[in-house]
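J.: You'll find input.json just under this line, and it carries JSON, C-alpha atoms and all ligand atoms.
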```
[["chain", "number", "residue", "atom", "x", "y", "z"],
["A", 1, "MET", "CA", 8.41, -11.58, 1.07],
["A", 2, "THR", "CA", 9.67, -8.00, 1.14],
["A", 3, "LEU", "CA", 7.50, -4.96, 0.50],
["A", 4, "VAL", "CA", 8.83, -1.57, -0.48],
["A", 5, "LEU", "CA", 6.44, 1.24, 0.28],
["A", 6, "LYS", "CA", 6.92, 4.90, -0.51],
["A", 7, "ILE", "CA", 4.79, 7.63, 0.98],
["A", 8, "GLY", "CA", 5.08, 10.87, -0.96],
["A", 9, "GLY", "CA", 6.05, 14.13, 0.66],
["A", 10, "SER", "CA", 2.75, 15.60, -0.57],
["A", 11, "ILE", "CA", 0.95, 13.41, 1.98],
["A", 12, "LEU", "CA", 3.24, 14.09, 4.94],
["A", 13, "THR", "CA", 3.87, 17.81, 4.40],
["A", 14, "ASP", "CA", 2.41, 20.91, 2.83],
["A", 15, "LYS", "CA", 4.63, 21.06, -0.26],
["A", 16, "ASN", "CA", 4.23, 24.81, -0.63],
["A", 17, "ARG", "CA", 5.17, 25.84, 2.90],
["A", 18, "LYS", "CA", 8.69, 25.44, 4.27],
["A", 19, "LEU", "CA", 9.11, 22.92, 7.10],
["A", 20, "THR", "CA", 5.37, 22.39, 7.39],
["A", 21, "ALA", "CA", 4.51, 18.86, 8.39],
["A", 22, "ARG", "CA", 0.98, 17.46, 8.46],
["A", 23, "PRO", "CA", 1.04, 15.73, 11.85],
["A", 24, "ASP", "CA", -2.45, 14.21, 11.55],
["A", 25, "GLU", "CA", -1.55, 12.62, 8.23],
["A", 26, "ILE", "CA", 1.80, 11.36, 9.57],
["A", 27, "THR", "CA", -0.11, 9.70, 12.45],
["A", 28, "ARG", "CA", -2.73, 8.21, 10.12],
["A", 29, "VAL", "CA", -0.07, 6.83, 7.76],
["A", 30, "ALA", "CA", 1.83, 5.33, 10.70],
["A", 31, "LYS", "CA", -1.31, 3.65, 12.03],
["A", 32, "GLU", "CA", -2.11, 2.14, 8.64],
["A", 33, "ILE", "CA", 1.44, 0.85, 8.26],
["A", 34, "ALA", "CA", 1.17, -0.67, 11.74],
["A", 35, "ILE", "CA", -1.61, -2.98, 10.46],
["A", 36, "HIS", "CA", 0.93, -4.90, 8.39],
["A", 37, "PRO", "CA", 4.45, -3.80, 9.35],
["A", 38, "ASN", "CA", 6.36, -7.02, 8.66],
["A", 39, "ASP", "CA", 9.11, -7.06, 6.04],
["A", 40, "VAL", "CA", 8.36, -3.51, 4.92],
["A", 41, "VAL", "CA", 11.07, -1.08, 3.80],
["A", 42, "LEU", "CA", 9.57, 2.39, 4.10],
["A", 43, "VAL", "CA", 10.79, 5.29, 1.98],
["A", 44, "HIS", "CA", 9.25, 8.71, 2.34],
["A", 45, "GLY", "CA", 9.41, 11.76, 0.15],
["A", 46, "ALA", "CA", 10.99, 15.00, 1.27],
["A", 47, "GLY", "CA", 8.03, 17.31, 0.67],
["A", 48, "SER", "CA", 8.54, 20.90, 1.77],
["A", 49, "PHE", "CA", 11.36, 19.76, 4.08],
["A", 50, "GLY", "CA", 13.51, 18.90, 1.06],
["A", 51, "HIS", "CA", 12.26, 20.54, -2.11],
["A", 52, "ILE", "CA", 12.02, 24.09, -0.74],
["A", 53, "PRO", "CA", 15.57, 24.28, 0.73],
["A", 54, "ALA", "CA", 16.96, 22.39, -2.31],
["A", 55, "LYS", "CA", 15.41, 24.95, -4.63],
["A", 56, "LYS", "CA", 16.57, 27.86, -2.49],
["A", 57, "TYR", "CA", 20.21, 26.72, -2.69],
["A", 58, "GLY", "CA", 20.01, 25.76, -6.37],
["A", 59, "LEU", "CA", 20.44, 22.02, -5.74],
["A", 60, "PRO", "CA", 21.20, 19.76, -7.50],
["A", 61, "HIS", "CA", 22.62, 22.03, -10.26],
["A", 62, "GLU", "CA", 24.74, 24.19, -7.94],
["A", 63, "PHE", "CA", 27.28, 22.79, -5.51],
["A", 64, "ASP", "CA", 26.49, 24.57, -2.25],
["A", 65, "ARG", "CA", 27.95, 23.19, 0.97],
["A", 66, "ALA", "CA", 25.55, 25.05, 3.26],
["A", 67, "GLY", "CA", 22.65, 24.04, 1.02],
["A", 68, "LEU", "CA", 23.58, 20.39, 1.39],
["A", 69, "ARG", "CA", 23.78, 20.68, 5.17],
["A", 70, "VAL", "CA", 20.54, 22.63, 5.55],
["A", 71, "THR", "CA", 18.61, 20.37, 3.16],
["A", 72, "HIS", "CA", 19.86, 17.16, 4.73],
["A", 73, "SER", "CA", 19.16, 18.27, 8.27],
["A", 74, "SER", "CA", 15.69, 19.39, 7.23],
["A", 75, "VAL", "CA", 14.74, 16.03, 5.62],
["A", 76, "ALA", "CA", 16.28, 14.19, 8.57],
["A", 77, "LYS", "CA", 13.87, 16.14, 10.81],
["A", 78, "LEU", "CA", 10.90, 14.95, 8.76],
["A", 79, "CYS", "CA", 12.25, 11.40, 8.97],
["A", 80, "GLU", "CA", 12.44, 11.74, 12.75],
["A", 81, "LYS", "CA", 8.75, 12.69, 12.83],
["A", 82, "VAL", "CA", 7.84, 9.65, 10.74],
["A", 83, "VAL", "CA", 9.94, 7.33, 12.93],
["A", 84, "GLU", "CA", 8.37, 8.78, 16.05],
["A", 85, "ALA", "CA", 4.82, 8.34, 14.72],
["A", 86, "LEU", "CA", 5.58, 4.76, 13.69],
["A", 87, "SER", "CA", 6.98, 3.88, 17.08],
["A", 88, "LEU", "CA", 3.93, 5.42, 18.78],
["A", 89, "ALA", "CA", 1.81, 3.20, 16.53],
["A", 90, "GLY", "CA", 3.80, 0.19, 17.75],
["A", 91, "VAL", "CA", 6.18, -0.30, 14.82],
["A", 92, "GLU", "CA", 9.85, -0.95, 15.62],
["A", 93, "CYS", "CA", 11.80, 1.07, 13.09],
["A", 94, "LEU", "CA", 15.08, 2.93, 12.54],
["A", 95, "PRO", "CA", 16.00, 5.87, 10.32],
["A", 96, "VAL", "CA", 18.45, 5.21, 7.47],
["A", 97, "HIS", "CA", 19.82, 8.40, 5.95],
["A", 98, "PRO", "CA", 20.85, 7.86, 2.29],
["A", 99, "LEU", "CA", 23.51, 10.62, 2.51],
["A", 100, "SER", "CA", 25.51, 8.36, 4.83],
["A", 101, "CYS", "CA", 25.24, 5.04, 3.02],
["A", 102, "LEU", "CA", 25.19, 5.62, -0.72],
["A", 103, "TYR", "CA", 27.21, 7.28, -3.47],
["A", 104, "LEU", "CA", 25.90, 8.68, -6.73],
["A", 105, "ARG", "CA", 27.43, 8.92, -10.19],
["A", 106, "GLY", "CA", 25.75, 11.44, -12.47],
["A", 107, "GLY", "CA", 22.77, 11.58, -10.12],
["A", 108, "ARG", "CA", 22.21, 7.81, -10.17],
["A", 109, "ILE", "CA", 22.97, 5.40, -7.33],
["A", 110, "ASP", "CA", 26.41, 3.91, -7.98],
["A", 111, "SER", "CA", 26.95, 2.12, -4.68],
["A", 112, "PHE", "CA", 24.69, 1.60, -1.70],
["A", 113, "PHE", "CA", 25.70, -0.14, 1.53],
["A", 114, "MET", "CA", 22.52, -2.17, 1.94],
["A", 115, "GLU", "CA", 23.65, -4.66, 4.59],
["A", 116, "PRO", "CA", 22.24, -2.69, 7.57],
["A", 117, "ILE", "CA", 18.84, -2.53, 5.83],
["A", 118, "LYS", "CA", 18.84, -6.29, 5.24],
["A", 119, "GLU", "CA", 19.93, -6.92, 8.83],
["A", 120, "MET", "CA", 17.11, -4.72, 10.13],
["A", 121, "LEU", "CA", 14.56, -6.67, 8.08],
["A", 122, "THR", "CA", 15.91, -9.99, 9.34],
["A", 123, "ASN", "CA", 15.55, -8.75, 12.89],
["A", 124, "GLY", "CA", 12.05, -7.28, 12.77],
["A", 125, "ILE", "CA", 13.04, -3.63, 12.39],
["A", 126, "MET", "CA", 11.50, -1.46, 9.67],
["A", 127, "PRO", "CA", 14.14, 0.66, 7.88],
["A", 128, "VAL", "CA", 12.85, 4.17, 7.19],
["A", 129, "LEU", "CA", 14.61, 6.01, 4.33],
["A", 130, "HIS", "CA", 13.87, 9.28, 2.61],
["A", 131, "GLY", "CA", 14.76, 11.40, -0.40],
["A", 132, "ASP", "CA", 18.05, 13.09, 0.47],
["A", 133, "VAL", "CA", 21.08, 14.95, -0.78],
["A", 134, "ALA", "CA", 24.05, 12.68, -1.57],
["A", 135, "MET", "CA", 27.64, 12.94, -2.71],
["A", 136, "ASP", "CA", 28.22, 12.34, -6.41],
["A", 137, "ALA", "CA", 31.33, 11.05, -8.18],
["A", 138, "THR", "CA", 30.84, 13.26, -11.22],
["A", 139, "GLY", "CA", 28.87, 16.23, -9.97],
["A", 140, "LYS", "CA", 30.23, 16.53, -6.38],
["A", 141, "ALA", "CA", 26.73, 16.29, -4.93],
["A", 142, "ALA", "CA", 23.18, 15.74, -6.09],
["A", 143, "ILE", "CA", 19.75, 14.67, -4.91],
["A", 144, "VAL", "CA", 18.56, 11.12, -4.62],
["A", 145, "SER", "CA", 14.78, 10.96, -4.82],
["A", 146, "GLY", "CA", 12.69, 8.55, -2.80],
["A", 147, "ASP", "CA", 11.51, 7.10, -6.11],
["A", 148, "GLN", "CA", 15.07, 6.24, -7.16],
["A", 149, "LEU", "CA", 15.61, 4.64, -3.74],
["A", 150, "VAL", "CA", 12.43, 2.57, -4.11],
["A", 151, "ALA", "CA", 13.50, 1.19, -7.49],
["A", 152, "TYR", "CA", 17.04, 0.42, -6.32],
["A", 153, "ILE", "CA", 15.96, -1.25, -3.06],
["A", 154, "ALA", "CA", 13.14, -3.20, -4.72],
["A", 155, "LYS", "CA", 15.65, -4.64, -7.17],
["A", 156, "ALA", "CA", 18.24, -5.37, -4.48],
["A", 157, "VAL", "CA", 15.80, -7.24, -2.22],
["A", 158, "GLN", "CA", 13.69, -8.63, -5.13],
["A", 159, "ALA", "CA", 10.59, -7.11, -3.54],
["A", 160, "GLU", "CA", 7.25, -8.83, -4.08],
["A", 161, "VAL", "CA", 5.21, -5.66, -3.52],
["A", 162, "VAL", "CA", 6.35, -2.20, -4.60],
["A", 163, "ALA", "CA", 3.87, 0.57, -3.89],
["A", 164, "VAL", "CA", 4.39, 4.28, -4.38],
["A", 165, "GLY", "CA", 1.81, 6.44, -2.66],
["A", 166, "SER", "CA", 1.14, 9.98, -3.80],
["A", 167, "ASN", "CA", -1.79, 12.37, -3.46],
["A", 168, "VAL", "CA", -3.48, 11.34, -6.73],
["A", 169, "ASP", "CA", -5.27, 8.12, -7.72],
["A", 170, "GLY", "CA", -2.45, 6.81, -9.90],
["A", 171, "VAL", "CA", -1.14, 7.83, -13.32],
["A", 172, "LEU", "CA", -3.89, 10.11, -14.55],
["A", 173, "PHE", "CA", -4.80, 10.31, -18.22],
["A", 174, "SER", "CA", -7.60, 12.74, -19.13],
["A", 175, "GLY", "CA", -8.27, 13.05, -15.41],
["A", 176, "LYS", "CA", -8.77, 9.31, -14.85],
["A", 177, "PRO", "CA", -6.30, 6.82, -13.38],
["A", 178, "LEU", "CA", -4.97, 4.25, -15.84],
["A", 179, "SER", "CA", -5.35, 0.71, -14.49],
["A", 180, "ARG", "CA", -2.04, -0.40, -16.02],
["A", 181, "ILE", "CA", 0.81, 1.18, -17.93],
["A", 182, "THR", "CA", 3.89, -0.25, -19.64],
["A", 183, "ARG", "CA", 6.76, 1.39, -21.50],
["A", 184, "LYS", "CA", 4.81, 0.81, -24.74],
["A", 185, "GLU", "CA", 2.10, 3.28, -23.72],
["A", 186, "LEU", "CA", 4.49, 5.87, -22.30],
["A", 187, "SER", "CA", 4.82, 7.98, -25.44],
["A", 188, "GLN", "CA", 1.02, 8.22, -25.80],
["A", 189, "VAL", "CA", 0.40, 9.41, -22.26],
["A", 190, "GLU", "CA", 3.66, 11.24, -21.45],
["A", 191, "SER", "CA", 2.58, 14.71, -22.51],
["A", 192, "ALA", "CA", -0.67, 14.41, -20.55],
["A", 193, "ILE", "CA", 0.98, 13.35, -17.29],
["A", 194, "VAL", "CA", 0.44, 16.00, -14.69],
["A", 195, "GLY", "CA", 3.42, 16.91, -12.54],
["A", 196, "SER", "CA", 3.19, 17.07, -8.77],
["A", 197, "ALA", "CA", 1.64, 20.14, -7.22],
["A", 198, "GLY", "CA", 3.95, 22.37, -5.20],
["A", 199, "VAL", "CA", 7.72, 22.77, -5.33],
["A", 200, "ASP", "CA", 9.41, 19.64, -6.74],
["A", 201, "VAL", "CA", 13.03, 19.30, -7.83],
["A", 202, "THR", "CA", 12.99, 15.58, -8.65],
["A", 203, "GLY", "CA", 10.53, 15.25, -11.51],
["A", 204, "GLY", "CA", 7.12, 14.68, -9.90],
["A", 205, "MET", "CA", 4.85, 12.04, -11.46],
["A", 206, "ARG", "CA", 6.95, 11.74, -14.63],
["A", 207, "GLY", "CA", 10.12, 11.03, -12.62],
["A", 208, "LYS", "CA", 8.24, 8.46, -10.56],
["A", 209, "LEU", "CA", 6.93, 6.68, -13.63],
["A", 210, "LEU", "CA", 10.34, 6.55, -15.34],
["A", 211, "GLU", "CA", 11.94, 4.96, -12.24],
["A", 212, "LEU", "CA", 9.16, 2.37, -12.01],
["A", 213, "LEU", "CA", 9.24, 1.55, -15.73],
["A", 214, "ASP", "CA", 12.97, 0.80, -15.36],
["A", 215, "LEU", "CA", 12.05, -1.53, -12.52],
["A", 216, "ALA", "CA", 9.33, -3.17, -14.63],
["A", 217, "ASP", "CA", 11.95, -3.83, -17.35],
["A", 218, "LEU", "CA", 13.69, -6.00, -14.75],
["A", 219, "GLY", "CA", 10.49, -7.97, -14.15],
["A", 220, "ILE", "CA", 9.35, -6.23, -10.96],
["A", 221, "ASP", "CA", 5.86, -4.72, -11.17],
["A", 222, "SER", "CA", 4.81, -1.85, -8.96],
["A", 223, "MET", "CA", 1.85, 0.44, -8.35],
["A", 224, "ILE", "CA", 1.23, 4.15, -7.95],
["A", 225, "PHE", "CA", -1.71, 4.73, -5.64],
["A", 226, "ASN", "CA", -3.40, 7.44, -3.62],
["A", 227, "ALA", "CA", -1.97, 7.27, -0.10],
["A", 228, "GLY", "CA", -4.17, 10.21, 0.93],
["A", 229, "ILE", "CA", -7.26, 7.98, 0.92],
["A", 230, "GLU", "CA", -7.72, 6.28, 4.24],
["A", 231, "GLY", "CA", -7.36, 2.52, 4.01],
["A", 232, "ASN", "CA", -5.30, 2.41, 0.81],
["A", 233, "ILE", "CA", -1.94, 1.94, 2.55],
["A", 234, "ALA", "CA", -3.27, -1.00, 4.54],
["A", 235, "ARG", "CA", -4.74, -2.47, 1.33],
["A", 236, "VAL", "CA", -1.48, -2.33, -0.62],
["A", 237, "LEU", "CA", 0.44, -3.82, 2.30],
["A", 238, "LEU", "CA", -1.99, -6.73, 2.27],
["A", 239, "GLY", "CA", -1.10, -7.33, -1.38],
["A", 240, "GLU", "CA", -4.09, -5.68, -3.07],
["A", 241, "CYS", "CA", -3.49, -3.72, -6.27],
["A", 242, "VAL", "CA", -4.68, -0.14, -5.88],
["A", 243, "GLY", "CA", -4.25, 2.69, -8.41],
["A", 244, "THR", "CA", -2.14, 2.22, -11.54],
["A", 245, "ARG", "CA", -0.06, -0.91, -12.06],
["A", 246, "ILE", "CA", 3.33, -0.33, -13.72],
["A", 247, "GLY", "CA", 4.27, -3.45, -15.62],
["A", 248, "ARG", "CA", 6.42, -4.88, -18.35],
["A", 249, "ALA", "CA", 5.22, -4.74, -21.95],
["A", 250, "ASN", "CA", 4.34, -8.18, -23.33],
["B", 301, "LIG", "O1", 10.65, 13.96, -2.39],
["B", 301, "LIG", "C1", 13.70, 14.62, -2.80],
["B", 301, "LIG", "O2", 13.08, 13.38, -2.57],
["B", 301, "LIG", "P1", 11.61, 13.11, -3.13],
["B", 301, "LIG", "C2", 14.86, 14.87, -1.83],
["B", 301, "LIG", "O3", 11.37, 11.65, -2.89],
["B", 301, "LIG", "C3", 15.24, 16.28, -1.67],
["B", 301, "LIG", "O4", 11.62, 13.42, -4.60],
["B", 301, "LIG", "C4", 16.36, 16.55, -0.78],
["B", 301, "LIG", "C5", 14.67, 17.29, -2.26]]
```
Please lay out the structure from this file as structure tokens.

T.:
Amino acid sequence: MTLVLKIGGSILTDKNRKLTARPDEITRVAKEIAIHPNDVVLVHGAGSFGHIPAKKYGLPHEFDRAGLRVTHSSVAKLCEKVVEALSLAGVECLPVHPLSCLYLRGGRIDSFFMEPIKEMLTNGIMPVLHGDVAMDATGKAAIVSGDQLVAYIAKAVQAEVVAVGSNVDGVLFSGKPLSRITRKELSQVESAIVGSAGVDVTGGMRGKLLELLDLADLGIDSMIFNAGIEGNIARVLLGECVGTRIGRAN
């Protein structure tokens, strides 16, 4: 049974301040993951380490070589902090940088060399991926969000649990989290969906929902939950449904 967990950049960093990590939160998240680390693929958002440099260099709309280098090395630094916190919490893990193992076409993943990830899982190592810049067959380069990675990986490994943690209680409608949403309800709630706070170049809550609805179309349910509330990460890793369930319309 494989679990794909995403922890949003809004939890791990201050999204409004460049290169500002939240070390206490990174440690807390790592400790919660350490309660149930088996068969988990971890993806984390880029937060201020990715969205601020990406915006500064006009990514993904501009092709800027220095911007790609600066943005990648910045998100890789955040990944290093996450890997370090996980290993301190007793989790064996390795960073996997999307820039080096996948190729986009029009901003969407076209090919992804997944074998190392599968080999890590087989051998008790947690792969740790993150939103990143990536080369693109049609647009030279673009950004691959953690949410797109989650959907792609969940499909590739036929994940049993797919949980996307952000800093809100799920998909909020009139201020309250919906317990379940399918593509059928999307048009009714779409205009009321609040985007993520802070600088975000990959679509915030709306982008997240669209990725997960595509996944639901393939028969894989997921959830969007509040990873900022202590205990929630451990709960989702133990199979509990927390927040909003994203499912397939009947
Ligand atoms: O925070 C964005 O990933 P996300 C990646 O998962 C960059 O949307 C480089 C901005």

J.: Pick out the closest residue to ligand LIG 301 (chain B) from this set: A:Leu94, A:Leu218, A:Met126, A:Ile7. Count all atoms listed in the file.

T.: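 Using all atoms listed in the file, ligand LIG 301 (chain B) sits closest to A:Ile7.
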
J.: Please identify the residues whose atoms come within 9 Å of ligand LIG 301 (chain B), using only C-alpha atoms and all ligand atoms, and report them as number ranges by chain.

T.: A: 6-10, 43-55, 59-60, 68, 71-72, 74-75, 130-134, 142-149, 200-204, 207-208

J.: Mind checking which residues fall within 7 Å of Tyr103 of chain A, counting all atoms listed in the file, ignoring those fewer than 6 positions away in the same chain, and posting them as an MDAnalysis selection string?

T.: chainID A and resid 109:112 134:136

J.: Per residue of segment 36-80 of chain A within 9 Å of segment 237-240 of chain A, which atom pair is closest and at what distance in Å (one decimal), using only C-alpha atoms, listed by chain and increasing number, as a tab-separated table?

T.:
```
residue	atom	partner	partner_atom	distance
A:His36	CA	A:Leu237	CA	6.2
A:Pro37	CA	A:Leu237	CA	8.1
A:Val40	CA	A:Leu237	CA	8.3
```

J.: Which one of A:Val83, A:Leu210, A:Met120, A:Val164 sits closest to Val236 of chain A if you count all atoms listed in the file?

T.: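 Distance minimum relative to Val236 of chain A lands on A:Val164.
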
J.: For Gly106 of chain A, find every residue with an atom within 8 Å (counting only C-alpha atoms), except residues of its own chain fewer than 3 positions away, and show them as JSON, numbers by chain.

T.: {"A": [136, 137, 138, 139]}

J.: Find the residue from A:Asp64, A:Asp221, A:Ser73, A:Ala34 that sits nearest to Leu19 of chain A; use all atoms listed in the file when measuring.

T.: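 With all atoms listed in the file as the atom set, the closest residue is A:Ser73.
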
J.: With distances taken over all atoms listed in the file, which residue among A:Leu5, A:Ala76, A:Val41, A:Ala141 lies nearest Glu119 of chain A?

T.: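 Of A:Leu5, A:Ala76, A:Val41, A:Ala141, the one nearest Glu119 of chain A is A:Val41, counting all atoms listed in the file.
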
J.: If you measure from atom CA of Asn232 of chain A to atom CA of Ala30 of chain A, what distance in Å do you get, rounded to one decimal?

T.: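 Atom-to-atom, atom CA of Asn232 of chain A to atom CA of Ala30 of chain A, that is 12.5 Å.
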
J.: With only C-alpha atoms as the atoms that count, which of A:Asp39, A:Glu62, A:Asp217, A:Glu84 lies nearest to Lys184 of chain A?

T.: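 Closest to Lys184 of chain A, using only C-alpha atoms: A:Asp217.
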
J.: With all atoms listed in the file as the atoms that count, which of A:Thr244, A:Asn226, A:Gln158, A:Asn123 lies nearest to Ile181 of chain A?

T.: A:Thr244

J.: To one decimal place in Å, what is the distance between atom CA of Val242 of chain A and atom CA of Phe225 of chain A?

T.: 5.7 Å

J.: At a cut-off of 12 Å, using all atoms listed in the file, what residues contact Ala249 of chain A? Leave out same-chain residues fewer than 3 positions from it and give the result as a JSON list (two decimals) with C-alpha atoms, in the frame of the given file.

T.:
```json
[["chain", "number", "residue", "atom", "x", "y", "z"],
["A", 180, "ARG", "CA", -2.04, -0.40, -16.02],
["A", 181, "ILE", "CA", 0.81, 1.18, -17.93],
["A", 182, "THR", "CA", 3.89, -0.25, -19.64],
["A", 183, "ARG", "CA", 6.76, 1.39, -21.50],
["A", 184, "LYS", "CA", 4.81, 0.81, -24.74],
["A", 185, "GLU", "CA", 2.10, 3.28, -23.72],
["A", 186, "LEU", "CA", 4.49, 5.87, -22.30],
["A", 213, "LEU", "CA", 9.24, 1.55, -15.73],
["A", 214, "ASP", "CA", 12.97, 0.80, -15.36],
["A", 216, "ALA", "CA", 9.33, -3.17, -14.63],
["A", 217, "ASP", "CA", 11.95, -3.83, -17.35],
["A", 218, "LEU", "CA", 13.69, -6.00, -14.75],
["A", 219, "GLY", "CA", 10.49, -7.97, -14.15],
["A", 220, "ILE", "CA", 9.35, -6.23, -10.96],
["A", 221, "ASP", "CA", 5.86, -4.72, -11.17],
["A", 245, "ARG", "CA", -0.06, -0.91, -12.06],
["A", 246, "ILE", "CA", 3.33, -0.33, -13.72]]
```

J.: To one decimal place in Å, what is the distance between atom CA of Lys140 of chain A and atom CA of Arg69 of chain A?

T.: 13.9 Å

J.: Excluding Met114 of chain A and any residue of its chain fewer than 5 positions from it, enumerate the residues within 12 Å of it, using only C-alpha atoms, and give them as a list in words.

T.: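 After dropping sequence-adjacent residues, the list is Val41, Val96, His97, Pro98, Ser100, Cys101, Leu102, Tyr103, Ile109, Glu119, Met120, Leu121, Pro127, Leu129, Leu149, Tyr152, Ile153, Ala154, Lys155, Ala156 and Val157 of chain A.
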
J.: Supply segment 1-17 of chain A as a compact mmCIF listing (two decimals), keeping the file's coordinate frame, with N, CA, C and O atoms built in where the input has gaps.

T.:
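Ended up saving to rebuild.txt:
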```txt
# COMPACT_ATOMS: atom_id res chain seq x y z
N MET A 1 9.01 -12.53 2.01
CA MET A 1 8.41 -11.58 1.07
C MET A 1 8.66 -10.14 1.54
O MET A 1 8.25 -9.78 2.63
N THR A 2 9.37 -9.37 0.73
CA THR A 2 9.67 -8.00 1.14
C THR A 2 8.79 -7.01 0.38
O THR A 2 8.50 -7.19 -0.80
N LEU A 3 8.33 -6.00 1.10
CA LEU A 3 7.50 -4.96 0.50
C LEU A 3 8.26 -3.64 0.57
O LEU A 3 8.87 -3.33 1.60
N VAL A 4 8.24 -2.91 -0.51
CA VAL A 4 8.83 -1.57 -0.48
C VAL A 4 7.70 -0.57 -0.68
O VAL A 4 7.00 -0.61 -1.69
N LEU A 5 7.53 0.27 0.31
CA LEU A 5 6.44 1.24 0.28
C LEU A 5 7.02 2.64 0.31
O LEU A 5 7.88 2.94 1.13
N LYS A 6 6.53 3.48 -0.60
CA LYS A 6 6.92 4.90 -0.51
C LYS A 6 5.69 5.74 -0.21
O LYS A 6 4.62 5.53 -0.79
N ILE A 7 5.85 6.67 0.71
CA ILE A 7 4.79 7.63 0.98
C ILE A 7 5.33 8.99 0.55
O ILE A 7 6.37 9.46 1.04
N GLY A 8 4.61 9.60 -0.39
CA GLY A 8 5.08 10.87 -0.96
C GLY A 8 5.07 12.02 0.06
O GLY A 8 4.26 12.05 0.99
N GLY A 9 5.96 12.95 -0.19
CA GLY A 9 6.05 14.13 0.66
C GLY A 9 4.78 14.97 0.62
O GLY A 9 4.49 15.72 1.56
N SER A 10 3.99 14.82 -0.47
CA SER A 10 2.75 15.60 -0.57
C SER A 10 1.72 15.14 0.45
O SER A 10 0.79 15.88 0.78
N ILE A 11 1.87 13.92 0.96
CA ILE A 11 0.95 13.41 1.98
C ILE A 11 1.41 13.89 3.37
O ILE A 11 0.59 14.29 4.20
N LEU A 12 2.71 13.86 3.59
CA LEU A 12 3.24 14.09 4.94
C LEU A 12 3.48 15.57 5.25
O LEU A 12 3.64 15.94 6.42
N THR A 13 3.56 16.39 4.19
CA THR A 13 3.87 17.81 4.40
C THR A 13 3.00 18.67 3.47
O THR A 13 2.42 18.16 2.53
N ASP A 14 3.00 19.95 3.76
CA ASP A 14 2.41 20.91 2.83
C ASP A 14 3.55 21.32 1.90
O ASP A 14 4.51 21.99 2.33
N LYS A 15 3.48 20.88 0.64
CA LYS A 15 4.63 21.06 -0.26
C LYS A 15 4.93 22.52 -0.60
O LYS A 15 5.98 22.83 -1.13
N ASN A 16 4.00 23.40 -0.30
CA ASN A 16 4.23 24.81 -0.63
C ASN A 16 4.77 25.63 0.53
O ASN A 16 5.12 26.78 0.35
N ARG A 17 4.76 25.04 1.73
CA ARG A 17 5.17 25.84 2.90
C ARG A 17 6.33 25.17 3.61
O ARG A 17 6.23 24.01 4.04
```
